[in-house]
>>> print(open('protein-v6.cif').read())   # mmCIF, C-alpha atoms
data_query
#
loop_
_atom_site.label_atom_id
_atom_site.label_comp_id
_atom_site.auth_asym_id
_atom_site.auth_seq_id
_atom_site.Cartn_x
_atom_site.Cartn_y
_atom_site.Cartn_z
CA MET F 1 12.19 32.02 -4.46
CA LEU F 2 15.01 32.87 -2.10
CA SER F 3 13.84 30.28 0.36
CA GLY F 4 16.70 27.91 -0.41
CA LEU F 5 19.31 30.54 0.32
CA LEU F 6 17.43 31.80 3.36
CA LYS F 7 17.25 28.30 4.78
CA ARG F 8 20.94 27.93 4.22
CA PHE F 9 21.76 31.07 6.13
CA THR F 10 19.33 30.46 8.93
CA GLY F 11 20.32 26.81 9.18
CA LYS F 12 16.69 25.75 8.79
CA LYS F 13 16.25 22.29 7.31
CA ASN F 14 13.57 20.95 5.00
CA SER F 15 10.77 19.41 7.03
CA LYS F 16 10.61 16.47 4.65
CA ASP F 17 14.13 15.45 5.61
CA ALA F 18 12.98 15.29 9.20
CA ALA F 19 9.97 13.23 8.14
CA LYS F 20 12.14 10.75 6.27
CA LYS F 21 14.60 10.32 9.09
CA ARG F 22 11.90 9.89 11.71
CA LEU F 23 10.14 7.35 9.54
CA GLN F 24 13.26 5.29 8.94
CA PHE F 25 13.89 5.11 12.65
CA SER F 26 10.37 4.39 13.71
CA LEU F 27 10.05 1.56 11.20
CA ILE F 28 13.12 -0.13 12.63
CA TYR F 29 11.85 0.27 16.17
CA ASP F 30 8.39 -0.96 15.19
CA LYS F 31 9.96 -4.13 13.89
CA LEU F 32 12.28 -4.64 16.83
CA GLU F 33 9.41 -4.12 19.14
CA VAL F 34 7.39 -6.89 17.54
CA ASN F 35 7.43 -9.05 20.62
CA ASP F 36 9.68 -10.54 23.25
CA THR F 37 9.48 -14.05 21.86
CA THR F 38 11.05 -12.93 18.60
CA LEU F 39 14.07 -11.56 20.42
CA THR F 40 14.30 -14.60 22.70
CA ASP F 41 14.05 -16.94 19.73
CA LEU F 42 16.70 -14.96 17.90
CA GLN F 43 18.98 -15.10 20.91
CA GLN F 44 18.52 -18.86 21.20
CA ASP F 45 19.27 -19.36 17.50
CA ILE F 46 22.41 -17.25 17.73
CA VAL F 47 23.56 -19.20 20.78
CA ASP F 48 23.01 -22.48 18.93
CA VAL F 49 25.02 -21.36 15.92
CA ILE F 50 27.91 -19.92 17.91
CA SER F 51 27.98 -22.98 20.17
CA LYS F 52 28.82 -25.08 17.14
CA TYR F 53 32.18 -23.35 16.92
CA PHE F 54 32.92 -21.89 20.32
CA GLU F 55 32.22 -22.76 23.88
CA ILE F 56 30.50 -19.67 25.24
CA ASP F 57 29.29 -18.47 28.60
CA LYS F 58 25.56 -18.63 28.02
CA ASP F 59 24.71 -16.76 31.22
CA ALA F 60 26.92 -13.77 30.49
CA LEU F 61 25.68 -13.07 27.00
CA GLU F 62 23.57 -10.08 26.13
CA LEU F 63 21.58 -8.96 23.13
CA LYS F 64 21.21 -5.22 22.70
CA VAL F 65 19.85 -2.75 20.21
CA LYS F 66 22.33 0.02 19.70
CA ARG F 67 21.04 3.29 18.31
CA ASP F 68 23.09 5.71 16.34
CA ASP F 69 22.30 8.83 14.36
CA GLU F 70 22.69 7.00 11.09
CA VAL F 71 22.01 3.33 11.80
CA SER F 72 20.62 0.92 14.34
CA ALA F 73 22.60 -2.20 15.14
CA LEU F 74 21.91 -5.44 16.88
CA VAL F 75 24.80 -6.10 19.25
CA PHE F 76 25.41 -9.56 20.60
CA ASN F 77 28.00 -9.82 23.31
CA THR F 78 29.38 -13.04 24.69
CA PRO F 79 32.60 -14.21 26.34
CA ILE F 80 34.24 -17.09 24.48
CA LEU F 81 35.56 -19.80 26.80
CA HIS F 82 37.09 -22.25 24.35
CA VAL F 83 37.40 -22.78 20.66
CA LYS F 84 36.01 -26.13 19.70
CA ARG F 85 38.28 -28.39 17.73
CA LYS F 86 36.95 -29.79 14.54
CA ARG F 87 37.09 -33.53 14.50
CA ALA F 88 38.15 -35.12 11.30
CA MET E 1 -11.68 -17.97 -17.70
CA GLN E 2 -9.28 -17.82 -14.77
CA GLY E 3 -9.36 -14.27 -13.47
CA LYS E 4 -6.86 -12.53 -11.25
CA ILE E 5 -7.74 -11.17 -7.83
CA ILE E 6 -6.01 -7.91 -6.90
CA VAL E 7 -6.42 -6.56 -3.38
CA VAL E 8 -6.05 -2.82 -2.76
CA THR E 9 -4.89 -2.00 0.78
CA SER E 10 -3.35 0.85 2.73
CA GLY E 11 -3.54 0.24 6.46
CA LYS E 12 -4.43 3.85 7.12
CA GLY E 13 -7.83 5.13 6.05
CA GLY E 14 -8.42 8.24 3.98
CA VAL E 15 -5.46 7.90 1.64
CA GLY E 16 -7.59 7.38 -1.47
CA LYS E 17 -8.06 3.63 -1.45
CA THR E 18 -11.66 3.72 -2.64
CA THR E 19 -10.88 6.19 -5.44
CA ALA E 20 -7.91 4.07 -6.50
CA THR E 21 -9.96 0.86 -6.48
CA SER E 22 -12.81 2.29 -8.54
CA SER E 23 -10.48 4.06 -10.97
CA ILE E 24 -8.17 1.12 -11.56
CA GLY E 25 -11.17 -1.21 -11.95
CA ALA E 26 -12.82 1.14 -14.43
CA ALA E 27 -9.58 1.61 -16.35
CA LEU E 28 -9.02 -2.16 -16.58
CA ALA E 29 -12.54 -2.49 -18.02
CA LEU E 30 -11.75 0.26 -20.56
CA GLU E 31 -8.76 -1.87 -21.60
CA GLY E 32 -11.25 -4.54 -22.63
CA ASN E 33 -11.36 -6.73 -19.53
CA ARG E 34 -14.37 -8.05 -17.67
CA VAL E 35 -13.93 -6.52 -14.21
CA ALA E 36 -15.64 -6.94 -10.85
CA ILE E 37 -14.94 -4.48 -8.07
CA VAL E 38 -15.74 -5.90 -4.64
CA ASP E 39 -16.29 -3.66 -1.62
CA MET E 40 -14.97 -5.60 1.38
CA ASP E 41 -15.63 -2.83 3.91
CA ILE E 42 -18.60 -4.51 5.56
CA GLY E 43 -20.71 -2.07 7.55
CA LEU E 44 -19.08 1.03 6.03
CA ARG E 45 -19.67 0.71 2.32
CA ASN E 46 -18.55 3.54 0.06
CA LEU E 47 -17.65 2.25 -3.38
CA ASP E 48 -21.30 2.35 -4.43
CA VAL E 49 -21.64 6.12 -3.88
CA VAL E 50 -18.21 6.90 -5.29
CA MET E 51 -19.11 4.93 -8.42
CA GLY E 52 -22.61 6.42 -8.60
CA LEU E 53 -24.34 3.03 -8.29
CA GLU E 54 -25.92 3.45 -4.84
CA ASN E 55 -29.48 3.40 -6.13
CA ARG E 56 -29.17 0.05 -7.82
CA ILE E 57 -28.14 -2.19 -4.93
CA VAL E 58 -30.25 -5.30 -4.40
CA PHE E 59 -27.84 -7.89 -3.03
CA ASN E 60 -24.34 -7.54 -1.62
CA ILE E 61 -21.13 -9.52 -1.01
CA VAL E 62 -22.39 -10.87 2.32
CA ASP E 63 -25.46 -12.28 0.54
CA VAL E 64 -23.15 -14.00 -1.95
CA VAL E 65 -20.84 -15.47 0.69
CA LEU E 66 -23.77 -16.66 2.81
CA ASP E 67 -25.35 -18.21 -0.29
CA ARG E 68 -28.44 -16.00 -0.20
CA CYS E 69 -27.97 -15.09 -3.87
CA LYS E 70 -25.82 -15.81 -6.90
CA VAL E 71 -22.81 -13.71 -7.98
CA GLU E 72 -24.77 -12.52 -11.03
CA GLN E 73 -27.56 -11.17 -8.83
CA ALA E 74 -25.23 -9.11 -6.63
CA ALA E 75 -23.01 -7.72 -9.40
CA ILE E 76 -24.30 -4.30 -10.51
CA ARG E 77 -23.45 -3.50 -14.11
CA ASP E 78 -22.04 -0.03 -14.73
CA ARG E 79 -23.96 1.51 -17.63
CA ARG E 80 -21.22 3.95 -18.62
CA ILE E 81 -18.32 1.54 -18.87
CA GLU E 82 -18.79 -1.79 -20.57
CA ASN E 83 -17.86 -4.94 -18.65
CA LEU E 84 -17.51 -3.13 -15.33
CA PHE E 85 -19.38 -4.54 -12.31
CA LEU E 86 -19.62 -3.65 -8.63
CA ILE E 87 -20.40 -6.10 -5.86
CA PRO E 88 -21.23 -3.77 -2.96
CA ALA E 89 -20.58 -4.33 0.73
CA SER E 90 -23.41 -4.85 3.16
CA GLN E 91 -24.26 -1.81 5.22
CA SER E 92 -26.19 -3.51 8.02
CA ASP E 93 -24.10 -6.56 8.82
CA ASN E 94 -21.38 -6.85 11.40
CA LYS E 95 -17.93 -6.94 9.89
CA ASP E 96 -17.24 -10.34 11.43
CA VAL E 97 -20.03 -11.97 9.44
CA LEU E 98 -17.60 -13.10 6.72
CA THR E 99 -15.11 -15.94 7.11
CA THR E 100 -11.94 -16.51 5.10
CA ALA E 101 -13.29 -19.92 4.03
CA GLY E 102 -16.45 -18.30 2.71
CA VAL E 103 -14.51 -15.63 0.84
CA GLU E 104 -12.24 -18.25 -0.74
CA ARG E 105 -15.23 -20.21 -1.99
CA VAL E 106 -16.74 -17.11 -3.62
CA ALA E 107 -13.30 -16.15 -5.02
CA LYS E 108 -13.36 -19.34 -7.09
CA GLN E 109 -16.72 -18.37 -8.58
CA LEU E 110 -15.51 -14.84 -9.29
CA ARG E 111 -12.35 -16.06 -11.02
CA SER E 112 -14.42 -18.12 -13.44
CA ARG E 113 -16.59 -15.13 -14.37
CA PHE E 114 -14.21 -12.16 -14.54
CA ASP E 115 -10.73 -11.30 -15.88
CA TYR E 116 -9.96 -9.08 -12.92
CA ILE E 117 -11.50 -8.93 -9.45
CA ILE E 118 -10.45 -5.85 -7.49
CA MET E 119 -10.96 -6.17 -3.74
CA ASP E 120 -11.20 -2.93 -1.79
CA SER E 121 -9.89 -3.74 1.66
CA PRO E 122 -11.15 -1.83 4.71
CA ALA E 123 -8.69 0.31 6.65
CA GLY E 124 -6.99 -1.48 9.50
CA ILE E 125 -5.40 -4.90 9.82
CA GLU E 126 -8.18 -6.87 11.46
CA ARG E 127 -10.69 -9.41 10.22
CA GLY E 128 -11.82 -7.34 7.23
CA PHE E 129 -8.24 -7.09 6.04
CA GLU E 130 -7.77 -10.85 6.41
CA ASN E 131 -10.90 -11.51 4.38
CA SER E 132 -9.75 -9.14 1.63
CA VAL E 133 -6.30 -10.66 1.19
CA VAL E 134 -7.07 -14.36 1.72
CA ALA E 135 -7.80 -15.10 -1.94
CA ALA E 136 -5.61 -12.41 -3.54
CA ASP E 137 -3.14 -13.16 -6.31
CA GLU E 138 -1.66 -9.67 -6.29
CA ALA E 139 -1.65 -6.75 -3.87
CA LEU E 140 -1.46 -2.99 -4.27
CA VAL E 141 -0.55 -0.72 -1.38
CA ILE E 142 -1.69 2.89 -1.53
CA CYS E 143 -0.02 5.55 0.54
CA THR E 144 0.24 9.31 0.65
CA PRO E 145 3.54 11.14 1.32
CA ASP E 146 3.00 11.66 5.04
CA VAL E 147 4.54 9.94 8.04
CA SER E 148 1.43 8.18 9.32
CA ALA E 149 0.42 6.76 5.93
CA VAL E 150 3.94 5.54 5.18
CA ARG E 151 4.29 3.90 8.56
CA ASP E 152 0.96 2.10 8.22
CA ALA E 153 1.87 1.08 4.67
CA ASP E 154 5.04 -0.52 6.01
CA ARG E 155 3.04 -2.55 8.51
CA VAL E 156 0.64 -3.74 5.81
CA ILE E 157 3.52 -4.61 3.46
CA GLY E 158 4.96 -6.82 6.20
CA LEU E 159 1.62 -8.60 6.63
CA LEU E 160 1.31 -9.12 2.86
CA TYR E 161 4.83 -10.57 2.65
CA ALA E 162 3.88 -12.97 5.43
CA ARG E 163 1.11 -14.21 3.11
CA SER E 164 3.55 -14.65 0.22
CA LEU E 165 2.15 -11.65 -1.61
CA ASN E 166 4.59 -9.26 -3.25
CA PRO E 167 2.84 -5.90 -3.05
CA LYS E 168 3.36 -2.99 -5.41
CA LEU E 169 3.22 0.61 -4.28
CA ILE E 170 1.09 3.53 -5.45
CA VAL E 171 2.00 6.94 -4.05
CA ASN E 172 -1.14 9.07 -4.07
CA ARG E 173 -1.78 12.82 -3.70
CA ILE E 174 1.68 13.99 -4.61
CA GLU E 175 1.98 17.79 -4.66
CA PRO E 176 5.00 18.50 -6.86
CA ALA E 177 5.31 22.14 -5.77
CA ARG E 178 5.55 21.14 -2.12
CA VAL E 179 8.03 18.38 -2.93
CA THR E 180 10.19 20.99 -4.66
CA ARG E 181 9.99 23.24 -1.60
CA GLY E 182 11.11 20.37 0.60
CA GLU E 183 7.82 20.31 2.48
CA MET E 184 6.72 16.91 1.26
CA LEU E 185 8.38 13.52 0.94
CA SER E 186 9.11 12.74 -2.70
CA HIS E 187 8.14 9.38 -4.17
CA ASP E 188 11.82 8.46 -4.09
CA ASP E 189 11.89 9.10 -0.35
CA VAL E 190 8.78 6.95 0.17
CA MET E 191 10.19 4.15 -1.97
CA GLU E 192 13.49 4.28 -0.16
CA VAL E 193 11.79 4.01 3.23
CA LEU E 194 9.46 1.20 2.19
CA SER E 195 11.80 -0.53 -0.30
CA ILE E 196 9.17 -2.05 -2.56
CA ASP E 197 8.41 -1.76 -6.27
CA LEU E 198 6.41 1.13 -7.57
CA VAL E 199 3.46 0.73 -9.92
CA GLY E 200 2.35 4.33 -10.19
CA LEU E 201 2.45 7.92 -8.99
CA VAL E 202 -0.76 9.90 -8.67
CA PRO E 203 -0.73 13.67 -8.33
CA MET E 204 -3.08 15.60 -6.06
CA ASP E 205 -6.10 16.46 -8.21
CA GLU E 206 -9.17 18.55 -7.41
CA LYS E 207 -11.11 16.57 -10.00
CA VAL E 208 -11.21 13.56 -7.65
CA LEU E 209 -13.64 15.22 -5.27
CA ILE E 210 -15.69 16.66 -8.11
CA SER E 211 -16.06 13.28 -9.79
CA SER E 212 -17.05 11.59 -6.53
CA ASN E 213 -19.62 14.37 -5.91
CA THR E 214 -21.50 13.26 -8.99
CA GLY E 215 -20.51 9.59 -8.99
CA ALA E 216 -18.91 9.92 -12.43
CA PRO E 217 -15.91 7.72 -13.24
CA LEU E 218 -12.68 9.70 -12.79
CA VAL E 219 -10.96 7.83 -15.60
CA LEU E 220 -13.50 9.15 -18.11
CA GLN E 221 -12.62 12.79 -17.34
CA ASN E 222 -10.10 13.72 -19.96
CA ASP E 223 -8.68 16.63 -18.01
CA SER E 224 -8.03 14.71 -14.79
CA LYS E 225 -4.36 14.16 -14.00
CA ALA E 226 -5.17 11.57 -11.34
CA GLY E 227 -7.52 9.79 -13.75
CA ALA E 228 -4.76 9.62 -16.36
CA ALA E 229 -2.33 8.28 -13.75
CA PHE E 230 -4.79 5.53 -12.74
CA ARG E 231 -5.30 4.57 -16.39
CA ARG E 232 -1.57 4.14 -16.79
CA ILE E 233 -1.44 2.02 -13.63
CA ALA E 234 -4.19 -0.20 -15.06
CA ARG E 235 -2.27 -0.64 -18.31
CA ARG E 236 0.80 -1.63 -16.33
CA LEU E 237 -1.21 -4.19 -14.33
CA ASN E 238 -2.73 -5.43 -17.59
CA GLY E 239 0.59 -6.61 -18.98
CA GLU E 240 2.25 -3.43 -20.21
CA GLU E 241 4.85 -3.70 -17.49
CA ASP E 242 7.35 -1.57 -19.38
CA LEU E 243 5.06 1.45 -19.65
CA PRO E 244 7.17 4.20 -18.05
CA ILE E 245 5.96 5.65 -14.77
CA GLU E 246 5.13 9.29 -15.39
CA MET E 247 6.64 11.63 -12.83
CA PRO E 248 4.44 14.43 -11.57
CA VAL E 249 5.95 17.67 -12.84
CA TYR E 250 8.46 19.09 -10.43
CA LYS E 251 8.84 22.71 -11.38
CA THR E 252 12.25 24.19 -10.81
CA SER E 253 12.48 27.94 -10.70
CA MET E 254 15.27 29.90 -12.28
CA TRP E 255 16.62 30.62 -8.83
CA GLN E 256 16.78 26.94 -7.92
CA LYS E 257 18.63 26.20 -11.14
CA ILE E 258 21.17 28.88 -10.31
CA SER E 259 21.48 27.66 -6.73
CA LYS E 260 22.04 24.13 -7.95
CA THR E 261 24.76 25.25 -10.33
CA PHE E 262 26.60 26.85 -7.43
CA GLY E 263 26.06 23.87 -5.21
CA LEU E 264 23.84 25.76 -2.79
CA LYS E 265 20.84 23.48 -3.21
#
>>> encode(input="protein-v6.cif", output="structure tokens")
Amino acid sequence: MLSGLLKRFTGKKNSKDAAKKRLQFSLIYDKLEVNDTTLTDLQQDIVDVISKYFEIDKDALELKVKRDDEVSALVFNTPILHVKRKRA
Amino acid sequence: MQGKIIVVTSGKGGVGKTTATSSIGAALALEGNRVAIVDMDIGLRNLDVVMGLENRIVFNIVDVVLDRCKVEQAAIRDRRIENLFLIPASQSDNKDVLTTAGVERVAKQLRSRFDYIIMDSPAGIERGFENSVVAADEALVICTPDVSAVRDADRVIGLLYARSLNPKLIVNRIEPARVTRGEMLSHDDVMEVLSIDLVGLVPMDEKVLISSNTGAPLVLQNDSKAGAAFRRIARRLNGEEDLPIEMPVYKTSMWQKISKTFGLK
């Protein structure tokens, strides 16, 4: 009955919150882990799209998975060499 | 007649897939449909004992797919519920004896004879799973509120999406008291993690074991909460899509109400 208050004073958290958080993370990792070809294909597709608009250094680019307490992000880093001009 | 094939899957074993399959099948028959329940767990059959039909097996699904008998010969009629049939799995065959092509051919025959065909998929995501989903029009995913079941459910949902199936979720064995105490994921938590549509919530119920002990249909026990939940799921699948999903009772004590008022939570 007093468990809620006790938990508040002792700083103990509900175990289900831990379960939810762990699940959300593991599901993201499970999917990112799928296989190397998925990541390579993704990288190639991104390069193709960006190359339409910018001239980029294809050797210096990197694709990383950044982990945070709240979210996971896919970080794509590339130096831009030139902006391509649109031809009329 | 052009029946609908519904596959029941979970990924993880032991989450109540067989109980769900038999109960939803029985409840659909009680709604006036002609229903066939097919046990696709070749080599590890269980639906026959759970449904109390184990003494009446002559032919099985492998016999049907391999053309050793007709659908009518393998389908065991349930004597307690009208228009309910079970096509059991084979206990002696290897699970790789079935092919997706063979299953698809039999699916056509089943569709012409029944309103609903409920396929009970084996646990796992191998050949048996493939065979169970190949001909499915709809898919149900069962999971319990624990980390391993939810994770496996997510994997299975991904595989079903890849086959253009849009699965619906059943959360089984919910213990409202433990959810209230913060010891168990709530159905909202599970839905948020899996982000798919819900078709029903089933509370933990001691009657499930008792009914499987005797092989009596759970949905015929008037005092079974799980049985009632499965009957509502069947009605929803049978076209009553707007039938509200009943929440298992979450008891809040006086103290929790007070805490909430003061923002203590």
>>> residues_around(input="protein-v6.cif", residues="range 215-220 of chain E", least_positions_apart="4", cutoff="9 Å", atoms="only C-alpha atoms", output="list of chain:residue names")
E:Thr19, E:Ser22, E:Ser23, E:Ile24, E:Ala26, E:Ala27, E:Asp48, E:Val49, E:Val50, E:Met51, E:Gly52, E:Leu53, E:Arg80, E:Ile81, E:Lys207, E:Val208, E:Ile210, E:Ser211, E:Ser224, E:Ala226, E:Gly227, E:Ala228, E:Ala229, E:Phe230, E:Arg231
>>> interface_residues(input="protein-v6.cif", of="chain F", to="chain E", cutoff="6 Å", atoms="all atoms listed in the file", output="list of chain:residue names")
F:Asn14, F:Ser15, F:Lys16
>>> resolve_selection(input="protein-v6.cif", expression="the PyMOL selection byres ((chain E and resi 144) around 6)", output="list in words")
Val15, Cys143, Pro145, Asp146, Ala149, Val171, Asn172 and Arg173 of chain E
>>> axis_aligned_box(input="protein-v6.cif", around="range 131-145 of chain E", padding_each_side="6 Å", output="lines of an AutoDock Vina configuration file")
center_x = -3.7
center_y = -2.0
center_z = -1.0
size_x = 26.4
size_y = 38.2
size_z = 22.7
>>> resolve_selection(input="protein-v6.cif", expression="the PyMOL selection byres ((chain E and resi 55-58) around 8)", output="MDAnalysis selection string")
chainID E and resid 52:54 59:60 73:74 76 88
>>> build_atoms(input="protein-v6.cif", residues="range 25-43 of chain E", atoms="N, CA and C atoms", output="mmCIF file, in the frame of the given file")
data_model
loop_
_atom_site.group_PDB
_atom_site.id
_atom_site.type_symbol
_atom_site.label_atom_id
_atom_site.label_comp_id
_atom_site.auth_asym_id
_atom_site.auth_seq_id
_atom_site.Cartn_x
_atom_site.Cartn_y
_atom_site.Cartn_z
ATOM 1 N N GLY E 25 -10.183 -0.259 -11.433
ATOM 2 C CA GLY E 25 -11.170 -1.210 -11.950
ATOM 3 C C GLY E 25 -11.788 -0.707 -13.250
ATOM 4 N N ALA E 26 -12.199 0.555 -13.240
ATOM 5 C CA ALA E 26 -12.820 1.140 -14.430
ATOM 6 C C ALA E 26 -11.836 1.167 -15.593
ATOM 7 N N ALA E 27 -10.587 1.523 -15.300
ATOM 8 C CA ALA E 27 -9.580 1.610 -16.350
ATOM 9 C C ALA E 27 -9.266 0.226 -16.930
ATOM 10 N N LEU E 28 -9.253 -0.800 -16.089
ATOM 11 C CA LEU E 28 -9.020 -2.160 -16.580
ATOM 12 C C LEU E 28 -10.157 -2.605 -17.500
ATOM 13 N N ALA E 29 -11.386 -2.170 -17.169
ATOM 14 C CA ALA E 29 -12.540 -2.490 -18.020
ATOM 15 C C ALA E 29 -12.419 -1.759 -19.357
ATOM 16 N N LEU E 30 -11.941 -0.506 -19.325
ATOM 17 C CA LEU E 30 -11.750 0.260 -20.560
ATOM 18 C C LEU E 30 -10.691 -0.391 -21.461
ATOM 19 N N GLU E 31 -9.784 -1.152 -20.835
ATOM 20 C CA GLU E 31 -8.760 -1.870 -21.600
ATOM 21 C C GLU E 31 -9.328 -3.141 -22.233
ATOM 22 N N GLY E 32 -10.609 -3.385 -22.001
ATOM 23 C CA GLY E 32 -11.250 -4.540 -22.630
ATOM 24 C C GLY E 32 -11.402 -5.766 -21.753
ATOM 25 N N ASN E 33 -11.210 -5.589 -20.438
ATOM 26 C CA ASN E 33 -11.360 -6.730 -19.530
ATOM 27 C C ASN E 33 -12.738 -6.734 -18.877
ATOM 28 N N ARG E 34 -13.158 -7.925 -18.455
ATOM 29 C CA ARG E 34 -14.370 -8.050 -17.670
ATOM 30 C C ARG E 34 -13.952 -7.923 -16.202
ATOM 31 N N VAL E 35 -14.456 -6.875 -15.538
ATOM 32 C CA VAL E 35 -13.930 -6.520 -14.210
ATOM 33 C C VAL E 35 -15.032 -6.485 -13.152
ATOM 34 N N ALA E 36 -14.750 -7.085 -12.004
ATOM 35 C CA ALA E 36 -15.640 -6.940 -10.850
ATOM 36 C C ALA E 36 -14.886 -6.218 -9.747
ATOM 37 N N ILE E 37 -15.509 -5.170 -9.220
ATOM 38 C CA ILE E 37 -14.940 -4.480 -8.070
ATOM 39 C C ILE E 37 -15.739 -4.936 -6.852
ATOM 40 N N VAL E 38 -15.045 -5.394 -5.822
ATOM 41 C CA VAL E 38 -15.740 -5.900 -4.640
ATOM 42 C C VAL E 38 -15.428 -5.017 -3.442
ATOM 43 N N ASP E 39 -16.465 -4.478 -2.825
ATOM 44 C CA ASP E 39 -16.290 -3.660 -1.620
ATOM 45 C C ASP E 39 -16.275 -4.567 -0.403
ATOM 46 N N MET E 40 -15.109 -4.690 0.243
ATOM 47 C CA MET E 40 -14.970 -5.600 1.380
ATOM 48 C C MET E 40 -15.114 -4.865 2.717
ATOM 49 N N ASP E 41 -15.490 -3.605 2.670
ATOM 50 C CA ASP E 41 -15.630 -2.830 3.910
ATOM 51 C C ASP E 41 -17.049 -3.008 4.455
ATOM 52 N N ILE E 42 -17.269 -4.159 5.083
ATOM 53 C CA ILE E 42 -18.600 -4.510 5.560
ATOM 54 C C ILE E 42 -19.031 -3.554 6.671
ATOM 55 N N GLY E 43 -20.203 -2.988 6.535
ATOM 56 C CA GLY E 43 -20.710 -2.070 7.550
ATOM 57 C C GLY E 43 -20.414 -0.607 7.245
#
